[in-house]
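One file, entry_29.txt, is given below (compact mmCIF, C-alpha atoms).
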# COMPACT_ATOMS: atom_id res chain seq x y z
CA MET A 22 44.95 73.67 84.14
CA THR A 23 44.55 74.41 80.40
CA THR A 24 46.89 77.06 79.02
CA PRO A 25 45.64 79.33 76.18
CA GLU A 26 48.17 77.75 73.80
CA HIS A 27 47.07 74.28 74.72
CA PHE A 28 43.45 75.30 74.38
CA GLU A 29 44.04 76.76 70.91
CA GLN A 30 45.93 73.68 69.81
CA LYS A 31 43.21 71.39 71.06
CA LEU A 32 40.54 73.56 69.48
CA GLN A 33 42.24 73.37 66.11
CA GLN A 34 42.71 69.61 66.41
CA GLN A 35 39.08 69.12 67.32
CA TYR A 36 38.00 71.35 64.47
CA GLN A 37 40.09 69.44 61.92
CA HIS A 38 38.83 66.14 63.29
CA ASP A 39 35.25 67.37 63.12
CA LYS A 40 35.79 68.60 59.56
CA ALA A 41 37.13 65.22 58.54
CA CYS A 42 33.91 63.67 59.84
CA HIS A 43 31.74 66.03 57.79
CA VAL A 44 32.62 65.73 54.13
CA LEU A 45 30.51 66.66 51.17
CA PRO A 46 28.75 63.46 50.08
CA GLN A 47 30.06 62.08 46.84
CA ARG A 48 26.60 61.99 45.32
CA VAL A 49 26.28 65.76 45.84
CA SER A 50 29.60 66.58 44.16
CA SER A 51 28.78 64.13 41.36
CA GLU A 52 25.44 65.82 40.87
CA ILE A 53 27.10 69.24 40.70
CA VAL A 54 29.57 68.03 38.08
CA ARG A 55 26.78 66.36 36.15
CA ARG A 56 24.88 69.65 36.11
CA ALA A 57 28.05 71.43 35.00
CA ARG A 58 28.40 69.01 32.10
CA SER A 59 24.81 69.49 31.04
CA VAL A 60 25.09 73.26 31.24
CA LYS A 61 28.53 73.18 29.74
CA ARG A 62 27.90 76.68 28.75
CA ASN A 63 28.07 76.58 25.04
CA ASN A 64 31.63 76.27 25.68
CA GLY A 65 32.31 77.35 22.30
CA MET A 66 31.81 80.68 24.10
CA GLY A 67 35.09 80.37 25.94
CA LEU A 68 36.83 79.17 22.83
CA TRP A 69 35.23 81.93 20.79
CA ARG A 70 36.39 84.55 23.30
CA ASN A 71 39.92 83.24 23.13
CA THR A 72 39.80 83.15 19.35
CA GLN A 73 38.60 86.74 19.33
CA LEU A 74 41.42 87.72 21.64
CA ALA A 75 44.00 86.00 19.47
CA MET A 76 42.62 87.59 16.32
CA SER A 77 42.55 91.02 17.91
CA CYS A 78 46.17 90.67 18.96
CA ALA A 79 47.15 89.53 15.48
CA LEU A 80 45.30 92.47 13.92
CA LEU A 81 46.98 94.93 16.25
CA LEU A 82 50.38 93.50 15.44
CA LEU A 83 49.64 93.68 11.73
CA MET A 84 48.47 97.30 11.97
CA GLY A 85 51.50 98.18 14.03
CA TYR A 86 53.73 96.60 11.41
CA LEU A 87 51.99 98.36 8.54
CA LEU A 88 51.95 101.76 10.19
CA GLN A 89 55.47 101.64 11.46
CA PRO A 90 57.33 102.53 8.22
CA ALA A 91 55.16 105.63 7.73
CA ASP A 92 56.10 106.95 11.12
CA LYS A 93 59.68 105.94 11.06
CA LYS A 94 61.89 108.47 9.31
CA VAL A 95 65.52 107.69 9.02
CA PRO A 96 67.40 110.90 9.76
CA LEU A 97 69.70 112.03 7.00
CA TYR A 98 72.95 113.80 7.61
CA TYR A 99 74.90 116.11 5.40
CA GLN A 100 78.14 114.48 4.52
CA VAL A 101 81.11 116.08 2.77
CA VAL A 102 83.94 113.87 1.62
CA VAL A 103 87.02 115.77 0.48
CA THR A 104 89.65 114.06 -1.65
CA GLN A 105 92.23 115.01 -4.23
CA GLY A 106 91.51 114.18 -7.83
CA GLU A 107 93.54 113.54 -10.90
CA HIS A 108 92.21 116.53 -12.82
CA TYR A 109 91.19 118.77 -9.95
CA LYS A 110 93.08 120.07 -6.98
CA GLU A 111 90.22 119.22 -4.71
CA VAL A 112 87.21 116.95 -5.08
CA GLN A 113 84.27 117.39 -2.74
CA GLN A 114 81.39 114.94 -2.59
CA HIS A 115 78.32 116.49 -0.97
CA ARG A 116 75.55 114.10 -0.15
CA LEU A 117 72.82 113.26 2.30
CA SER A 118 73.22 109.87 3.89
CA PRO A 119 71.60 107.89 6.69
CA GLN A 120 73.18 108.08 10.08
CA THR A 121 76.50 106.35 10.39
CA GLU A 122 78.86 106.08 13.30
CA TYR A 123 80.82 108.98 11.95
CA MET A 124 77.75 110.99 11.08
CA ALA A 125 76.12 110.40 14.41
CA LEU A 126 78.47 113.00 15.75
CA SER A 127 77.28 115.57 13.25
CA PRO A 128 74.15 117.57 13.96
CA GLN A 129 71.31 117.22 11.49
CA VAL A 130 71.13 120.31 9.32
CA ASP A 131 68.28 121.49 7.17
CA PRO A 132 69.88 123.43 4.27
CA SER A 133 66.88 125.74 3.98
CA VAL A 134 67.30 126.80 7.59
CA VAL A 135 70.94 127.46 7.01
CA TYR A 136 70.05 129.50 3.94
CA GLN A 137 67.78 131.69 6.06
CA GLN A 138 70.67 132.23 8.39
CA TYR A 139 72.74 133.07 5.39
CA THR A 140 70.32 135.66 4.02
CA ALA A 141 69.94 137.25 7.43
CA ALA A 142 73.64 137.55 7.89
CA GLN A 143 74.47 138.10 4.29
CA GLN A 144 75.45 141.70 4.70
CA ARG A 145 77.66 141.33 7.68
CA SER A 146 78.88 137.83 7.87
CA THR A 147 81.89 136.37 6.32
CA ALA A 148 80.84 132.91 7.37
CA PHE A 149 79.35 132.23 3.95
CA HIS A 150 81.30 131.96 0.78
CA TYR A 151 80.10 132.07 -2.74
CA HIS A 152 81.77 130.91 -5.83
CA THR A 153 80.94 130.61 -9.45
CA GLY A 154 81.18 127.29 -11.18
CA LEU A 155 79.80 125.22 -14.01
CA LEU A 156 76.92 122.95 -13.09
CA ARG A 157 76.57 119.72 -15.03
CA GLN A 158 74.24 116.80 -14.69
CA GLN A 159 76.06 113.48 -14.57
CA GLU A 160 73.75 110.46 -14.39
CA GLU A 161 72.54 110.26 -10.79
CA GLN A 162 74.39 113.29 -9.53
CA TRP A 163 75.24 116.85 -10.38
CA GLN A 164 78.67 118.33 -10.56
CA ILE A 165 79.99 121.82 -10.16
CA THR A 166 83.46 122.50 -11.40
CA VAL A 167 85.49 125.56 -10.64
CA CYS A 168 88.15 125.50 -13.32
CA ASP A 169 90.54 122.77 -12.32
CA ASP A 170 90.55 123.89 -8.71
CA LEU A 171 87.48 122.16 -7.50
CA LEU A 172 85.14 119.38 -8.48
CA LEU A 173 82.04 119.32 -6.31
CA THR A 174 79.54 116.51 -6.66
CA ILE A 175 76.02 116.79 -5.25
CA ASP A 176 73.63 113.88 -4.96
CA ARG A 177 70.04 114.35 -6.12
CA GLN A 178 68.60 114.11 -2.64
CA LEU A 179 70.73 116.94 -1.40
CA LEU A 180 70.10 119.01 -4.48
CA SER A 181 66.35 118.75 -3.99
CA GLN A 182 66.73 120.23 -0.53
CA LEU A 183 69.01 123.07 -1.48
CA ASN A 184 67.70 126.55 -2.00
CA LEU A 185 67.61 127.06 -5.74
CA GLN A 186 66.45 130.67 -5.65
CA GLN A 187 62.90 130.03 -6.87
CA HIS A 188 64.17 127.76 -9.61
CA LYS A 189 63.23 124.16 -10.11
CA LEU A 190 65.77 121.52 -10.70
CA SER A 191 64.33 121.01 -14.16
CA ASP A 192 65.01 124.67 -14.99
CA PHE A 193 68.69 124.07 -14.90
CA ALA A 194 70.23 123.21 -18.22
CA GLN A 195 72.42 120.21 -18.64
CA GLN A 196 75.32 122.55 -18.30
CA GLN A 197 75.01 125.97 -16.73
CA TRP A 198 77.01 128.57 -14.88
CA VAL A 199 75.85 128.92 -11.29
CA GLU A 200 76.79 130.71 -8.15
CA PHE A 201 76.88 128.39 -5.15
CA VAL A 202 76.98 129.38 -1.55
CA SER A 203 78.60 127.36 1.19
CA ASN A 204 78.77 128.00 4.88
CA SER A 205 81.77 128.09 7.13
CA ALA A 206 81.62 124.31 7.47
CA GLY A 207 81.83 123.95 3.70
CA ARG A 208 78.27 122.81 3.35
CA LEU A 209 76.31 123.92 0.33
CA VAL A 210 73.51 126.28 1.20
CA ALA A 211 72.21 127.65 -2.08
CA ILE A 212 72.70 127.54 -5.82
CA LYS A 213 71.47 130.11 -8.30
CA PRO A 214 72.00 130.38 -12.03
CA VAL A 215 74.14 133.20 -13.32
CA SER A 216 74.56 134.44 -16.83
CA SER A 217 78.25 135.10 -16.88
CA GLY A 218 80.75 132.34 -16.54
CA LEU A 219 84.17 132.06 -15.12
CA TYR A 220 87.39 132.62 -16.93
CA CYS A 221 89.81 129.85 -16.23
CA SER A 222 93.43 130.41 -17.01
CA GLU A 223 95.39 127.57 -18.51
CA SER A 224 97.42 125.89 -15.87
CA MET B 14 41.44 86.17 31.68
CA ALA B 15 41.11 84.40 28.38
CA LEU B 16 44.81 83.88 28.42
CA SER B 17 44.20 81.09 30.86
CA PHE B 18 43.12 79.08 27.85
CA PHE B 19 46.63 79.29 26.49
CA VAL B 20 48.49 78.84 29.73
CA SER B 21 46.36 76.11 31.21
CA SER B 22 49.04 73.57 30.54
CA TRP B 23 51.47 75.55 32.69
CA PHE B 24 49.49 74.88 35.82
CA GLY B 25 49.96 71.56 37.47
CA SER B 26 47.84 69.87 40.07
CA ASP B 27 48.87 72.48 42.64
CA SER B 28 46.86 75.22 40.97
CA SER B 29 45.33 77.73 43.32
CA ALA B 30 41.58 78.05 43.57
CA GLU B 31 41.72 81.33 41.67
CA GLN B 32 43.66 79.73 38.81
CA LEU B 33 41.31 76.78 38.70
CA PHE B 34 38.33 79.09 38.72
CA ALA B 35 39.75 81.17 35.86
CA LEU B 36 40.38 78.01 33.88
CA TYR B 37 36.88 76.74 34.53
CA ARG B 38 35.30 80.08 33.68
CA ASP B 39 37.20 80.39 30.43
CA THR B 40 37.04 76.83 29.23
CA GLY B 41 33.91 75.53 30.92
CA SER B 42 35.68 72.24 31.48
CA PRO B 43 34.02 70.30 34.34
CA ALA B 44 37.44 68.88 35.21
CA TYR B 45 38.43 72.24 36.70
CA LEU B 46 35.17 72.44 38.60
CA GLU B 47 35.82 69.00 40.05
CA LYS B 48 39.22 70.18 41.26
CA LEU B 49 37.67 73.27 42.81
CA ILE B 50 35.10 71.16 44.63
CA ALA B 51 37.86 68.85 45.83
CA LEU B 52 39.73 71.88 47.10
CA HIS B 53 36.95 73.70 48.98
CA GLY B 54 33.81 71.59 48.76
CA ASN B 55 34.31 69.80 52.07
CA GLU B 56 35.24 72.98 53.92
CA LEU B 57 32.14 74.78 52.76
CA TYR B 58 29.95 71.80 53.49
CA HIS B 59 31.37 71.43 57.00
CA PHE B 60 30.76 75.09 57.73
CA LEU B 61 27.19 74.90 56.46
CA ALA B 62 26.50 71.62 58.25
CA GLN B 63 27.62 73.06 61.59
CA GLN B 64 25.44 76.10 61.00
CA SER B 65 22.36 74.11 60.00
CA ASP B 66 21.97 70.42 59.34
CA LYS B 67 23.31 67.92 56.84
CA ALA B 68 20.37 68.06 54.49
CA LEU B 69 20.37 71.82 54.33
CA ALA B 70 24.18 71.90 54.02
CA GLU B 71 23.96 69.58 51.02
CA ASP B 72 21.28 71.73 49.48
CA ILE B 73 23.12 75.01 50.06
CA SER B 74 26.43 73.54 48.89
CA GLN B 75 24.77 72.53 45.67
CA GLN B 76 23.23 75.97 45.26
CA CYS B 77 26.62 77.65 45.70
CA TRP B 78 28.33 75.53 43.11
CA LEU B 79 25.43 75.85 40.71
CA LYS B 80 25.66 79.60 41.03
CA LEU B 81 29.26 79.30 39.95
CA ILE B 82 28.26 77.14 37.00
CA GLU B 83 25.43 79.36 35.84
CA GLN B 84 26.99 82.74 36.62
CA PRO B 85 30.72 82.19 36.31
CA TYR B 86 31.40 85.91 36.28
CA SER B 87 29.77 86.42 39.69
CA PHE B 88 33.23 85.93 41.20
CA ALA B 89 35.05 89.09 40.22
CA GLY B 90 38.29 88.32 42.01
CA LYS B 91 37.97 91.11 44.57
CA SER B 92 38.65 88.61 47.34
CA SER B 93 40.08 85.12 47.45
CA PHE B 94 37.92 82.47 45.84
CA LYS B 95 37.42 80.77 49.19
CA THR B 96 36.26 84.00 50.82
CA TRP B 97 33.83 84.55 47.98
CA LEU B 98 32.58 80.95 48.18
CA PHE B 99 31.95 81.16 51.92
CA SER B 100 30.21 84.53 51.50
CA VAL B 101 27.88 83.03 48.94
CA GLY B 102 27.32 79.98 51.13
CA ARG B 103 26.58 82.06 54.21
CA ASN B 104 24.14 84.32 52.34
CA CYS B 105 22.35 81.37 50.79
CA LEU B 106 22.12 79.68 54.18
CA ILE B 107 20.73 82.71 55.96
CA ASP B 108 18.23 83.32 53.16
CA GLU B 109 17.12 79.72 53.38
CA LEU B 110 16.88 79.81 57.17
CA ARG B 111 14.80 82.97 56.97
CA ARG B 112 12.59 81.39 54.34
CA ARG B 113 12.08 78.40 56.61
CA GLN B 114 11.64 80.71 59.57
CA ARG B 115 14.53 79.11 61.35
CA TRP B 116 16.63 82.25 61.52
CA GLN B 117 17.11 83.32 65.13
CA ALA B 118 20.52 84.90 65.04
CA ASP B 119 19.47 88.53 64.68
CA MET B 120 20.25 89.22 68.28
CA PRO B 121 21.89 92.41 69.51
CA GLU B 122 25.59 92.08 70.24
CA THR B 123 24.99 93.00 73.90
CA GLU B 124 23.15 89.74 74.35
CA LEU B 125 26.04 87.70 73.15
CA ALA B 126 27.71 87.82 76.52
CA ALA B 127 24.78 86.03 78.02
CA SER B 128 25.77 82.84 76.24
CA THR B 129 28.73 82.43 78.57
CA CYS B 130 26.29 81.89 81.39
CA LEU B 131 25.01 78.85 79.58
CA ALA B 132 28.24 77.00 80.17
CA GLN B 133 27.96 77.57 83.86
CA GLN B 134 24.53 76.02 83.86
CA LEU B 135 25.69 72.81 82.27
CA ASP B 136 26.09 69.92 84.58
CA THR B 137 29.17 67.71 84.66
CA ASN B 138 27.75 65.10 82.29
CA ARG B 139 27.02 67.61 79.58
CA ARG B 140 30.60 68.88 79.66
CA GLN B 141 31.71 65.57 78.17
CA LEU B 142 30.27 66.63 74.82
CA LEU B 143 31.84 66.10 71.46
CA PHE B 144 33.39 69.14 69.89
CA SER B 145 30.59 69.45 67.35
CA GLU B 146 28.06 69.29 70.14
CA GLN B 147 29.95 71.96 72.04
CA LEU B 148 29.88 74.14 68.94
CA GLN B 149 26.13 73.69 68.72
CA LEU B 150 25.78 75.24 72.14
CA LEU B 151 27.24 78.47 70.81
CA PRO B 152 24.97 81.13 69.32
CA PHE B 153 24.88 81.09 65.54
CA LEU B 154 26.99 84.23 65.04
CA GLN B 155 29.66 83.26 67.58
CA ARG B 156 29.90 79.78 66.12
CA GLU B 157 30.12 81.27 62.67
CA ALA B 158 32.98 83.61 63.59
CA LEU B 159 34.87 80.88 65.41
CA MET B 160 34.49 78.35 62.61
CA LEU B 161 35.60 80.81 60.00
CA GLN B 162 38.67 81.63 62.05
CA LEU B 163 39.49 77.97 62.61
CA GLU B 164 39.01 77.50 58.89
CA GLY B 165 41.90 79.90 58.37
CA PHE B 166 40.18 83.14 57.50
CA SER B 167 41.69 86.35 58.81
CA LEU B 168 39.72 88.81 60.91
CA GLN B 169 39.28 91.02 57.86
CA GLN B 170 38.09 88.12 55.72
CA ILE B 171 35.59 87.08 58.38
CA SER B 172 34.46 90.67 58.49
CA ASP B 173 34.02 90.60 54.70
CA ILE B 174 32.14 87.32 54.71
CA THR B 175 29.77 88.33 57.50
CA ARG B 176 29.64 92.03 56.57
CA GLN B 177 30.24 92.95 60.17
CA PRO B 178 32.86 95.31 61.63
CA ALA B 179 36.07 93.67 62.74
CA GLU B 180 35.44 94.76 66.33
CA THR B 181 32.16 92.89 66.36
CA ILE B 182 33.89 89.79 65.05
CA LYS B 183 36.53 90.11 67.77
CA SER B 184 33.80 90.20 70.44
CA ARG B 185 32.09 87.15 69.02
CA LEU B 186 35.36 85.25 68.93
CA ARG B 187 36.18 86.23 72.48
CA TYR B 188 32.79 85.08 73.82
CA ALA B 189 32.94 81.87 71.83
CA ARG B 190 36.36 81.04 73.21
CA GLN B 191 35.37 81.90 76.75
CA PHE B 192 32.45 79.54 76.47
CA LEU B 193 34.47 76.69 75.03
CA GLN B 194 37.25 77.26 77.53
CA GLN B 195 34.78 76.91 80.35
CA LEU B 196 33.60 73.66 78.86
CA ALA B 197 37.16 72.50 78.35
CA GLY B 198 38.05 73.47 81.88
CA GLY B 199 35.20 71.37 83.13
CA SER B 200 36.28 68.47 80.97
CA ASP B 201 39.84 68.71 82.22
CA ASP B 202 38.66 68.81 85.79
CA ASN B 203 36.74 65.62 85.24
CA ALA B 204 39.51 63.88 83.34

I'd like the structure from this file rewritten - as structure tokens, please.
Amino acid sequence: MTTPEHFEQKLQQQYQHDKACHVLPQRVSSEIVRRARSVKRNNGMGLWRNTQLAMSCALLLLMGYLLQPADKKVPLYYQVVVTQGEHYKEVQQHRLSPQTEYMALSPQVDPSVVYQQYTAAQQRSTAFHYHTGLLRQQEEQWQITVCDDLLLTIDRQLLSQLNLQQHKLSDFAQQQWVEFVSNSAGRLVAIKPVSSGLYCSES
Amino acid sequence: MALSFFVSSWFGSDSSAEQLFALYRDTGSPAYLEKLIALHGNELYHFLAQQSDKALAEDISQQCWLKLIEQPYSFAGKSSFKTWLFSVGRNCLIDELRRRQRWQADMPETELAASTCLAQQLDTNRRQLLFSEQLQLLPFLQREALMLQLEGFSLQQISDITRQPAETIKSRLRYARQFLQQLAGGSDDNA
């Protein structure tokens, strides 16, 4: 008696044996390969396609590289460094600098936005302070001195972003009395020229 | 796709048919075609030979491979390469049989069961047939389904190749087995 498993096994064996007895004649496969060689499809075509692909990839990479700097803006952070000077009680360096480990903790602040907050709250807030000082241009930076109490240095980048009360940087004289506004965090918000200066007592 | 040009060296001699095909299509190198023929040429030829005769099987085999040479993008990768190859081979064969007016397999499925009666009519001597001769006693469509299954195709793949519902394929397989089992039973009895 033939079991189904035995039947299946025998069937498969017979099939494989039969297949081994019926192989594609060598002359047929040789003829097919010969035809393939004669057609050989302008095989530059395949090579050309691959070359096109490689060139397209290279072009995309190049464009990506060229366009990247335009899109990539390094965020700048307002930085205030407070030290004590030889001639001044306090020296403050105000500048915009790229993100650092320390600065990463500070939120990015647009001085013009802060100025709007200042003007809105001007009448009621005590969060903003204004002082009068002498503005001077010193090579790559500007300085504001308040007698011998304070020396405040401002880098050009920060100055260009400050609210100058409709004035241009070029309007400021090499040395001029100004009123500067700072917020509760001590950040400069605005600078405007004033006509009257400050009387400093001899210390 | 074209990347195969760059990665061809990664593939050793154990490349799958799909990889070999992609390499052949993209490079046009006959070496890859030779490997493909070595991989599936005999299987296709055997299938075609059992469904027709040697001369026609040679002719159809050649047609299939030439189609691949001339229209390399006709295989879109929706199935395995082998499934696609057997589909092409089967279609070419049936077209050729129709052209030669040798096509007689368009019988309704209800008539398939009748083939089992054939085995009962065979006398003892005829039950000592070779396997290939036993296969030839099966109707074309039953033989086709059985051979494709023995060749390793799944029910779904056979369904795809023959463009018939899976249930129909199951019926054909069942009748084919019943017939061969009867022959085998007879052989065993006589052994």

Proximity to Ser145 in chain B - best of A:Cys42, A:Cys168, A:Val199, A:Leu209, all atoms listed in the file: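 The answer is A:Cys42, which sits nearest to Ser145 in chain B.
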
Residue hits in chain B, query chain A, radius 7 Å, all atoms listed in the file, as a PyMOL selection string: chain B and resi 15+39-41+43+47+54-55+58-59+71+75+78-79+82+144-145+163+198

One-decimal distance in Å that lies between CA of Leu46 in chain B and CA of Leu33 in chain B: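 Here the two named atoms are 7.5 Å from each other.
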
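Picture a line from CA of Leu193 in chain B to CA of Ala68 in chain B; it runs 26.4 Å.
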
Contact residues around range 174-179 of chain B with all atoms listed in the file at 7 Å, ignoring same-chain residues under 4 positions, as JSON, numbers by chain: {"B": [96, 99, 100, 168, 169, 170, 183]}

Length of the CA of Trp116 in chain B to CA of Pro85 in chain B vector [Å]: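 It comes out at 28.9 Å.
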
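Between Asp66 in chain B and the candidates B:Asn104, B:Gln149, B:Ser167, B:Ser87, the tightest atom-to-atom separation, counting only C-alpha atoms, involves B:Gln149.
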
May I have the residues within 12 Å of Gly154 in chain A as a PDB file with C-alpha atoms, keeping the file's coordinate frame, using only C-alpha atoms and disregarding those fewer than 2 positions away in the same chain?
ATOM      1  CA  TYR A 151      80.100 132.070  -2.740  1.00  0.00           C
ATOM      2  CA  HIS A 152      81.770 130.910  -5.830  1.00  0.00           C
ATOM      3  CA  LEU A 156      76.920 122.950 -13.090  1.00  0.00           C
ATOM      4  CA  ARG A 157      76.570 119.720 -15.030  1.00  0.00           C
ATOM      5  CA  GLN A 164      78.670 118.330 -10.560  1.00  0.00           C
ATOM      6  CA  ILE A 165      79.990 121.820 -10.160  1.00  0.00           C
ATOM      7  CA  THR A 166      83.460 122.500 -11.400  1.00  0.00           C
ATOM      8  CA  VAL A 167      85.490 125.560 -10.640  1.00  0.00           C
ATOM      9  CA  CYS A 168      88.150 125.500 -13.320  1.00  0.00           C
ATOM     10  CA  ASP A 169      90.540 122.770 -12.320  1.00  0.00           C
ATOM     11  CA  ASP A 170      90.550 123.890  -8.710  1.00  0.00           C
ATOM     12  CA  LEU A 171      87.480 122.160  -7.500  1.00  0.00           C
ATOM     13  CA  LEU A 172      85.140 119.380  -8.480  1.00  0.00           C
ATOM     14  CA  LEU A 173      82.040 119.320  -6.310  1.00  0.00           C
ATOM     15  CA  THR A 174      79.540 116.510  -6.660  1.00  0.00           C
ATOM     16  CA  GLN A 196      75.320 122.550 -18.300  1.00  0.00           C
ATOM     17  CA  GLN A 197      75.010 125.970 -16.730  1.00  0.00           C
ATOM     18  CA  TRP A 198      77.010 128.570 -14.880  1.00  0.00           C
ATOM     19  CA  VAL A 199      75.850 128.920 -11.290  1.00  0.00           C
ATOM     20  CA  GLU A 200      76.790 130.710  -8.150  1.00  0.00           C
ATOM     21  CA  PHE A 201      76.880 128.390  -5.150  1.00  0.00           C
ATOM     22  CA  VAL A 202      76.980 129.380  -1.550  1.00  0.00           C
ATOM     23  CA  ILE A 212      72.700 127.540  -5.820  1.00  0.00           C
ATOM     24  CA  LYS A 213      71.470 130.110  -8.300  1.00  0.00           C
ATOM     25  CA  PRO A 214      72.000 130.380 -12.030  1.00  0.00           C
ATOM     26  CA  VAL A 215      74.140 133.200 -13.320  1.00  0.00           C
ATOM     27  CA  SER A 216      74.560 134.440 -16.830  1.00  0.00           C
ATOM     28  CA  SER A 217      78.250 135.100 -16.880  1.00  0.00           C
ATOM     29  CA  GLY A 218      80.750 132.340 -16.540  1.00  0.00           C
ATOM     30  CA  LEU A 219      84.170 132.060 -15.120  1.00  0.00           C
ATOM     31  CA  TYR A 220      87.390 132.620 -16.930  1.00  0.00           C
ATOM     32  CA  CYS A 221      89.810 129.850 -16.230  1.00  0.00           C
TER      33      CYS A 221
END

Pick from A:Lys110, A:His150, A:His27, A:Arg116, whichever lies nearest to Leu179 in chain A using all atoms listed in the file: A:Arg116
